[in-house]
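Coordinates from my_file_3.cif are shown below (mmCIF, C-alpha atoms).
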data_entry
#
loop_
_atom_site.label_atom_id
_atom_site.label_comp_id
_atom_site.auth_asym_id
_atom_site.auth_seq_id
_atom_site.Cartn_x
_atom_site.Cartn_y
_atom_site.Cartn_z
CA MET Y 308 -39.19 2.88 7.29
CA ARG Y 309 -40.85 0.15 5.25
CA ARG Y 310 -38.54 0.89 2.35
CA LEU Y 311 -35.52 0.52 4.65
CA ALA Y 312 -36.80 -2.83 5.87
CA ILE Y 313 -37.22 -4.05 2.29
CA LEU Y 314 -33.72 -2.89 1.39
CA ALA Y 315 -32.31 -4.67 4.41
CA VAL Y 316 -33.99 -7.93 3.40
CA LEU Y 317 -32.76 -7.54 -0.18
CA ALA Y 318 -29.23 -6.94 1.08
CA LEU Y 319 -29.29 -10.22 2.96
CA GLU Y 320 -30.17 -12.02 -0.24
CA VAL Y 321 -27.14 -10.71 -2.11
CA PRO Y 322 -24.16 -13.09 -2.04
CA GLY Y 323 -21.51 -11.97 0.34
CA VAL Y 324 -23.33 -9.00 1.81
CA PRO Y 325 -22.56 -8.60 5.51
CA ALA Y 326 -25.39 -10.12 7.48
CA SER Y 327 -26.23 -11.51 10.85
CA SER Y 328 -27.73 -14.87 9.94
CA ALA Y 329 -26.52 -17.85 11.95
CA GLY Y 330 -23.87 -20.16 10.55
CA ALA Y 331 -20.41 -21.41 11.32
CA THR Y 332 -17.76 -18.69 11.36
CA GLN Y 333 -14.44 -19.12 9.61
CA THR Y 334 -11.86 -16.52 10.54
CA VAL Y 335 -9.20 -15.33 8.12
CA ALA Y 336 -6.39 -13.17 9.49
CA MET Y 337 -5.09 -10.23 7.49
CA LYS Y 338 -1.53 -10.44 8.70
CA GLY Y 339 1.81 -9.49 7.21
CA ILE Y 340 0.07 -8.22 4.05
CA ALA Y 341 -1.41 -11.67 3.43
CA TYR Y 342 -4.59 -13.63 4.10
CA GLU Y 343 -4.04 -16.43 6.58
CA PRO Y 344 -5.15 -19.05 5.72
CA LYS Y 345 -4.96 -18.22 2.06
CA GLN Y 346 -7.76 -20.60 1.17
CA VAL Y 347 -10.81 -21.53 3.24
CA THR Y 348 -13.72 -23.82 2.57
CA VAL Y 349 -17.14 -23.03 4.03
CA HIS Y 350 -20.73 -24.01 3.40
CA VAL Y 351 -23.57 -21.89 2.13
CA GLY Y 352 -24.83 -19.81 5.05
CA ASP Y 353 -21.50 -19.80 6.87
CA ILE Y 354 -19.80 -16.58 7.85
CA VAL Y 355 -16.29 -15.59 6.81
CA GLU Y 356 -14.69 -13.08 9.13
CA TRP Y 357 -11.52 -11.18 8.25
CA ALA Y 358 -9.51 -9.91 11.21
CA ASN Y 359 -7.05 -7.19 10.27
CA GLN Y 360 -3.89 -7.49 12.37
CA ASP Y 361 -1.85 -5.21 10.12
CA ILE Y 362 -1.04 -1.51 10.52
CA VAL Y 363 -2.89 -0.54 7.33
CA ALA Y 364 -6.46 -0.96 6.08
CA HIS Y 365 -7.26 -3.90 3.81
CA THR Y 366 -10.17 -5.15 1.78
CA ALA Y 367 -11.43 -8.58 0.84
CA THR Y 368 -12.74 -7.98 -2.66
CA ALA Y 369 -14.06 -10.72 -4.94
CA ARG Y 370 -12.42 -10.61 -8.36
CA ASP Y 371 -15.89 -10.91 -9.88
CA LYS Y 372 -16.87 -7.79 -7.84
CA SER Y 373 -19.73 -9.66 -6.19
CA TRP Y 374 -18.59 -8.65 -2.71
CA ASP Y 375 -16.25 -6.19 -1.06
CA VAL Y 376 -15.39 -5.87 2.62
CA ASN Y 377 -13.26 -3.01 3.96
CA VAL Y 378 -11.41 -3.72 7.21
CA LEU Y 379 -9.57 -1.09 9.23
CA PRO Y 380 -6.45 -1.95 11.25
CA GLY Y 381 -7.33 -3.80 14.43
CA LYS Y 382 -10.91 -4.37 13.27
CA ALA Y 383 -12.84 -7.24 11.71
CA GLY Y 384 -15.30 -7.46 8.84
CA ARG Y 385 -17.56 -10.35 7.98
CA MET Y 386 -20.09 -11.62 5.51
CA VAL Y 387 -22.42 -14.53 4.97
CA MET Y 388 -21.58 -16.71 1.99
CA LYS Y 389 -24.82 -17.40 0.16
CA THR Y 390 -23.70 -18.67 -3.21
CA PRO Y 391 -21.76 -21.89 -3.80
CA GLY Y 392 -18.62 -21.69 -5.88
CA ARG Y 393 -14.97 -20.68 -5.84
CA PHE Y 394 -14.27 -17.03 -5.17
CA ASP Y 395 -10.83 -15.59 -5.81
CA TYR Y 396 -10.38 -12.37 -3.93
CA ILE Y 397 -7.79 -9.64 -3.43
CA CYS Y 398 -7.11 -6.55 -1.37
CA ARG Y 399 -7.94 -3.53 -3.54
CA TYR Y 400 -5.27 -1.48 -1.80
CA HIS Y 401 -2.58 -4.19 -1.98
CA PRO Y 402 -3.34 -6.49 -4.93
CA ASN Y 403 -0.39 -8.68 -3.93
CA MET Y 404 -2.75 -10.03 -1.23
CA THR Y 405 -4.74 -12.86 -2.76
CA GLY Y 406 -7.03 -15.51 -1.32
CA GLU Y 407 -9.75 -17.96 -2.20
CA ILE Y 408 -13.06 -18.86 -0.59
CA VAL Y 409 -14.61 -22.17 -1.58
CA VAL Y 410 -18.32 -22.21 -0.78
CA GLU Y 411 -19.81 -25.69 -0.78
CA PRO Y 412 -23.57 -26.31 -0.99
CA MET D 1475 21.42 0.66 18.81
CA ALA D 1476 24.26 -1.20 17.18
CA LYS D 1477 25.45 0.46 14.03
CA ILE D 1478 25.95 -1.77 11.06
CA HIS D 1479 27.23 0.11 8.09
CA LEU D 1480 26.65 -0.28 4.39
CA THR D 1481 27.78 1.68 1.44
CA LEU D 1482 25.87 4.83 0.74
CA LEU D 1483 26.79 4.45 -2.87
CA GLY D 1484 24.86 1.20 -3.11
CA ALA D 1485 21.79 2.71 -1.49
CA CYS D 1486 21.95 5.74 -3.76
CA LEU D 1487 22.14 3.67 -6.90
CA CYS D 1488 19.12 1.64 -5.81
CA LEU D 1489 17.08 4.63 -4.74
CA ALA D 1490 17.90 6.92 -7.63
CA PRO D 1491 14.61 7.03 -9.50
CA TYR D 1492 15.97 8.57 -12.65
CA GLY D 1493 19.54 7.45 -12.94
CA ALA D 1494 22.54 6.94 -10.81
CA MET D 1495 23.42 9.71 -8.42
CA ALA D 1496 26.91 11.05 -8.31
CA GLN D 1497 27.95 9.90 -4.87
CA GLY D 1498 31.14 8.90 -3.21
CA ALA D 1499 31.34 5.76 -1.10
CA ALA D 1500 30.27 6.33 2.51
CA LYS D 1501 28.57 4.48 5.34
CA LEU D 1502 24.93 4.31 6.42
CA THR D 1503 23.69 3.58 9.94
CA ASP D 1504 20.31 2.43 11.25
CA PRO D 1505 19.31 6.07 12.05
CA GLN D 1506 20.15 6.95 8.45
CA ILE D 1507 18.26 3.94 7.08
CA ALA D 1508 15.23 4.97 9.15
CA HIS D 1509 15.54 8.52 7.81
CA ILE D 1510 15.67 7.32 4.20
CA ALA D 1511 12.60 5.10 4.63
CA TYR D 1512 10.69 7.88 6.40
CA THR D 1513 11.68 10.42 3.73
CA ALA D 1514 10.53 8.13 0.94
CA GLY D 1515 7.15 7.85 2.67
CA GLN D 1516 6.85 11.61 3.08
CA ILE D 1517 7.72 12.12 -0.58
CA ASP D 1518 4.93 9.79 -1.65
CA ILE D 1519 2.45 11.51 0.66
CA GLN D 1520 3.34 14.87 -0.89
CA ALA D 1521 3.00 13.44 -4.40
CA ALA D 1522 -0.42 12.09 -3.44
CA GLU D 1523 -1.45 15.49 -2.06
CA GLN D 1524 -0.45 17.05 -5.37
CA ALA D 1525 -2.58 14.47 -7.19
CA LEU D 1526 -5.53 15.09 -4.89
CA LYS D 1527 -5.31 18.79 -5.67
CA GLU D 1528 -4.76 18.44 -9.40
CA SER D 1529 -6.62 15.35 -10.56
CA LYS D 1530 -10.31 15.03 -11.28
CA ASN D 1531 -10.07 11.31 -12.02
CA LYS D 1532 -11.90 9.20 -9.45
CA GLU D 1533 -9.46 6.27 -9.64
CA VAL D 1534 -6.41 8.51 -9.39
CA LYS D 1535 -7.87 10.30 -6.37
CA ALA D 1536 -8.74 6.98 -4.71
CA PHE D 1537 -5.20 5.74 -5.28
CA ALA D 1538 -3.74 8.97 -3.90
CA ASN D 1539 -5.91 8.69 -0.80
CA ASP D 1540 -4.67 5.13 -0.33
CA MET D 1541 -1.07 6.37 -0.53
CA VAL D 1542 -1.65 9.09 2.05
CA ARG D 1543 -3.36 6.69 4.45
CA ASP D 1544 -0.82 3.86 4.15
CA HIS D 1545 2.37 5.91 4.16
CA LYS D 1546 1.14 7.93 7.12
CA ALA D 1547 0.42 4.68 8.98
CA VAL D 1548 3.88 3.27 8.23
CA ASN D 1549 5.64 6.51 9.09
CA GLU D 1550 3.72 6.83 12.37
CA LYS D 1551 4.88 3.33 13.22
CA ALA D 1552 8.44 4.30 12.28
CA LEU D 1553 8.34 7.38 14.49
CA ALA D 1554 7.00 5.34 17.40
CA LEU D 1555 9.78 2.81 16.90
CA VAL D 1556 12.64 5.32 16.81
CA LYS D 1557 11.19 6.98 19.90
CA LYS D 1558 11.05 3.63 21.68
CA LEU D 1559 14.61 2.86 20.65
CA ASN D 1560 15.69 6.38 21.59
CA VAL D 1561 17.14 6.88 18.16
CA LYS D 1562 17.09 10.11 16.18
CA PRO D 1563 16.66 9.58 12.44
CA GLU D 1564 19.67 11.11 10.77
CA ASP D 1565 19.60 13.17 7.60
CA ASN D 1566 22.01 11.94 4.96
CA GLU D 1567 22.99 12.40 1.34
CA THR D 1568 20.57 9.74 0.06
CA SER D 1569 17.62 11.38 1.80
CA ARG D 1570 18.63 14.78 0.48
CA GLN D 1571 18.92 13.49 -3.08
CA LEU D 1572 15.53 11.81 -2.82
CA VAL D 1573 14.00 15.12 -1.74
CA GLN D 1574 15.71 17.00 -4.57
CA GLN D 1575 14.51 14.51 -7.16
CA ALA D 1576 11.00 14.57 -5.76
CA GLU D 1577 10.96 18.35 -6.02
CA ALA D 1578 12.05 18.15 -9.66
CA LYS D 1579 9.30 15.60 -10.36
CA ARG D 1580 6.73 17.77 -8.59
CA LYS D 1581 7.61 20.69 -10.85
CA GLU D 1582 7.48 18.46 -13.92
CA LEU D 1583 4.03 17.20 -12.95
CA SER D 1584 2.78 20.70 -12.16
CA ALA D 1585 3.24 21.57 -15.85
CA LEU D 1586 0.69 18.91 -16.80
CA LYS D 1587 -3.08 18.97 -16.64
CA GLY D 1588 -5.96 16.52 -16.85
CA ALA D 1589 -5.31 13.09 -18.33
CA ALA D 1590 -1.66 13.91 -19.00
CA PHE D 1591 -1.12 14.67 -15.32
CA ASP D 1592 -2.98 11.54 -14.23
CA LYS D 1593 -0.90 9.29 -16.45
CA ALA D 1594 2.39 10.89 -15.48
CA TYR D 1595 1.55 10.72 -11.77
CA ALA D 1596 0.58 7.05 -12.02
CA GLN D 1597 3.69 6.20 -14.02
CA ASN D 1598 5.85 7.98 -11.50
CA GLU D 1599 4.18 6.04 -8.70
CA VAL D 1600 5.18 2.80 -10.42
CA ALA D 1601 8.75 4.00 -10.92
CA PHE D 1602 9.12 5.43 -7.42
CA HIS D 1603 7.78 2.34 -5.65
CA GLN D 1604 9.86 0.11 -7.89
CA GLN D 1605 13.03 1.94 -6.94
CA VAL D 1606 12.23 2.18 -3.23
CA ASN D 1607 11.26 -1.50 -3.12
CA GLY D 1608 14.49 -2.40 -4.86
CA ALA D 1609 16.48 -0.43 -2.30
CA LEU D 1610 14.57 -1.98 0.62
CA GLN D 1611 15.08 -5.48 -0.71
CA SER D 1612 18.70 -5.29 -1.71
CA THR D 1613 20.18 -2.77 0.68
CA LEU D 1614 18.13 -1.27 3.50
CA ILE D 1615 16.54 -4.42 4.98
CA PRO D 1616 19.62 -6.66 4.75
CA ASN D 1617 21.76 -3.99 6.38
CA ALA D 1618 19.43 -2.79 9.14
CA SER D 1619 20.91 -4.05 12.38
CA ASN D 1620 17.99 -3.59 14.77
CA GLY D 1621 15.48 -6.43 14.55
CA GLU D 1622 12.41 -4.24 15.02
CA LEU D 1623 13.56 -1.79 12.38
CA LYS D 1624 14.26 -4.68 10.03
CA ASP D 1625 10.76 -6.09 10.65
CA LEU D 1626 9.10 -2.73 10.02
CA LEU D 1627 11.05 -2.25 6.80
CA ALA D 1628 10.05 -5.77 5.71
CA THR D 1629 6.38 -5.01 6.42
CA GLY D 1630 6.77 -1.73 4.56
CA LEU D 1631 8.23 -3.57 1.59
CA LYS D 1632 5.17 -5.84 1.33
CA ILE D 1633 2.84 -2.84 1.59
CA PHE D 1634 4.80 -0.91 -1.04
CA GLN D 1635 4.93 -3.92 -3.36
CA GLY D 1636 1.14 -3.83 -3.18
CA HIS D 1637 1.23 -0.13 -4.02
CA GLN D 1638 3.45 -0.84 -7.01
CA GLN D 1639 0.99 -3.42 -8.36
CA HIS D 1640 -1.90 -1.08 -7.66
CA ALA D 1641 -0.09 1.73 -9.52
CA GLU D 1642 0.63 -0.59 -12.45
CA HIS D 1643 -3.07 -1.41 -12.71
CA LEU D 1644 -3.86 2.30 -12.53
CA VAL D 1645 -1.44 3.10 -15.37
CA GLN D 1646 -3.03 0.39 -17.52
CA SER D 1647 -6.52 1.71 -16.84
CA LEU D 1648 -5.69 5.29 -17.85
CA PRO D 1649 -5.64 6.53 -21.45
CA ALA D 1650 -2.29 7.05 -23.16
CA ARG D 1651 -0.45 10.27 -22.38
CA THR D 1652 -1.35 13.22 -24.54
CA GLY D 1653 1.43 15.47 -23.34
CA ALA D 1654 -1.04 18.28 -22.69
CA LEU D 1655 0.62 21.18 -20.92
CA ALA D 1656 -0.88 23.64 -18.52
CA HIS D 1657 -1.99 26.91 -19.99
#

Rewrite the structure of this file - the entire thing - as structure tokens.
Amino acid sequence: MRRLAILAVLALEVPGVPASSAGATQTVAMKGIAYEPKQVTVHVGDIVEWANQDIVAHTATARDKSWDVNVLPGKAGRMVMKTPGRFDYICRYHPNMTGEIVVEP
Amino acid sequence: MAKIHLTLLGACLCLAPYGAMAQGAAKLTDPQIAHIAYTAGQIDIQAAEQALKESKNKEVKAFANDMVRDHKAVNEKALALVKKLNVKPEDNETSRQLVQQAEAKRKELSALKGAAFDKAYAQNEVAFHQQVNGALQSTLIPNASNGELKDLLATGLKIFQGHQQHAEHLVQSLPARTGALAH
């Protein structure tokens, strides 16, 4: 049990790992095999939420592999942005879907 | 559903994965367009099932699972649409030729094992999606008369363009073909 608690805390420290900490939420639609909006700017601690409105599953996967969110059709996936910087990301299943998250301090 | 016709010859040339098909000029309708799109999806599902059975490569299996999941989703949507429109997809020469070619490719792939199979499967996925996307773009979408069918085909095109890119990445990540045959 203690080990699980430690792992959970560690997970929250990793950039982009889904978490429940408070922060502003920026929603990105997965719609028409595209991210909408294509680029969003958030601050450290903010949450990015991807809402999949398509008929197929998508991912939001950082090109640097630092985070990866799988989102089923009709569902949403989210993560807390913990590291400042520019993150290009794609859908692993449909690499023609590209987006960018700018995380400001 | 209004029937807008296009030349079957044009569709065949675009869809022929391995060369032009011998085909006389004819007309295609929306039910036939729906049948061609559905058949192409089924063909790719069957190819993926062959890969899932044959391949031991993690990336190839993941790609094949993606193909099964996506093409099933699109085809389920297509079936729901034709049911709603009270339209029966209609078999046609293009669909039949696609099936015949797929069967030939399946036999060709079944003679390969290991890395040779993986590479050939991935290369065929690039070629197949390329040809289907070309047909959707130049022939099937522009000539579909029903708006909902046209929209579904357009969504399918974007999904399949993603598959093509994904398949291209897969080909690049796999070692060169060795031509190893099954024993």

For range 394-401 of chain Y, find every residue with an atom within 6 Å (counting all atoms listed in the file), except residues of its own chain fewer than 4 positions away, and show them as an mmCIF file with C-alpha atoms, in the frame of the given file.
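Generated output (around_33.cif):
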data_model
loop_
_atom_site.group_PDB
_atom_site.id
_atom_site.type_symbol
_atom_site.label_atom_id
_atom_site.label_comp_id
_atom_site.auth_asym_id
_atom_site.auth_seq_id
_atom_site.Cartn_x
_atom_site.Cartn_y
_atom_site.Cartn_z
ATOM 1 C CA HIS Y 365 -7.260 -3.900 3.810
ATOM 2 C CA THR Y 366 -10.170 -5.150 1.780
ATOM 3 C CA ALA Y 367 -11.430 -8.580 0.840
ATOM 4 C CA THR Y 368 -12.740 -7.980 -2.660
ATOM 5 C CA ALA Y 369 -14.060 -10.720 -4.940
ATOM 6 C CA ARG Y 370 -12.420 -10.610 -8.360
ATOM 7 C CA THR Y 405 -4.740 -12.860 -2.760
ATOM 8 C CA GLY Y 406 -7.030 -15.510 -1.320
ATOM 9 C CA GLU Y 407 -9.750 -17.960 -2.200
ATOM 10 C CA ILE Y 408 -13.060 -18.860 -0.590
ATOM 11 C CA GLY D 1636 1.140 -3.830 -3.180
ATOM 12 C CA HIS D 1637 1.230 -0.130 -4.020
#

For Lys1527 in chain D, work out the shell of residues within 12 Å, counting all atoms listed in the file and skipping chain neighbours fewer than 4 positions away, then give it as a list in words.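 So, after excluding close chain neighbours, the residues are Gln1520, Ala1521, Ala1522, Glu1523, Asn1531, Val1534, Lys1535, Ala1538, Asn1539, Leu1583, Ser1584, Lys1587, Gly1588, Phe1591 and Asp1592 of chain D.
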
Rounded to one decimal place, report the CA of Asn403 in chain Y-CA of Ala1525 in chain D distance in Å.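 CA of Asn403 in chain Y sits 23.5 Å away from CA of Ala1525 in chain D.
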
Figure out the distance between CA of Arg1543 in chain D and CA of Glu356 in chain Y, please, to one decimal in Å.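 Value for the CA of Glu356 in chain Y-CA of Arg1543 in chain D distance: 23.3 Å.
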
What is the CA of Asn1607 in chain D to CA of Phe1634 in chain D distance in Å?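 CA of Phe1634 in chain D lies 6.8 Å from CA of Asn1607 in chain D.
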
For range 1507-1517 of chain D, work out the shell of residues within 8 Å, counting all atoms listed in the file and skipping chain neighbours fewer than 2 positions away, then give it as a PyMOL selection string. chain D and resi 1502-1505+1519-1521+1545-1546+1548-1549+1552+1563-1566+1568-1569+1572-1573+1576+1606+1614+1618+1623+1627
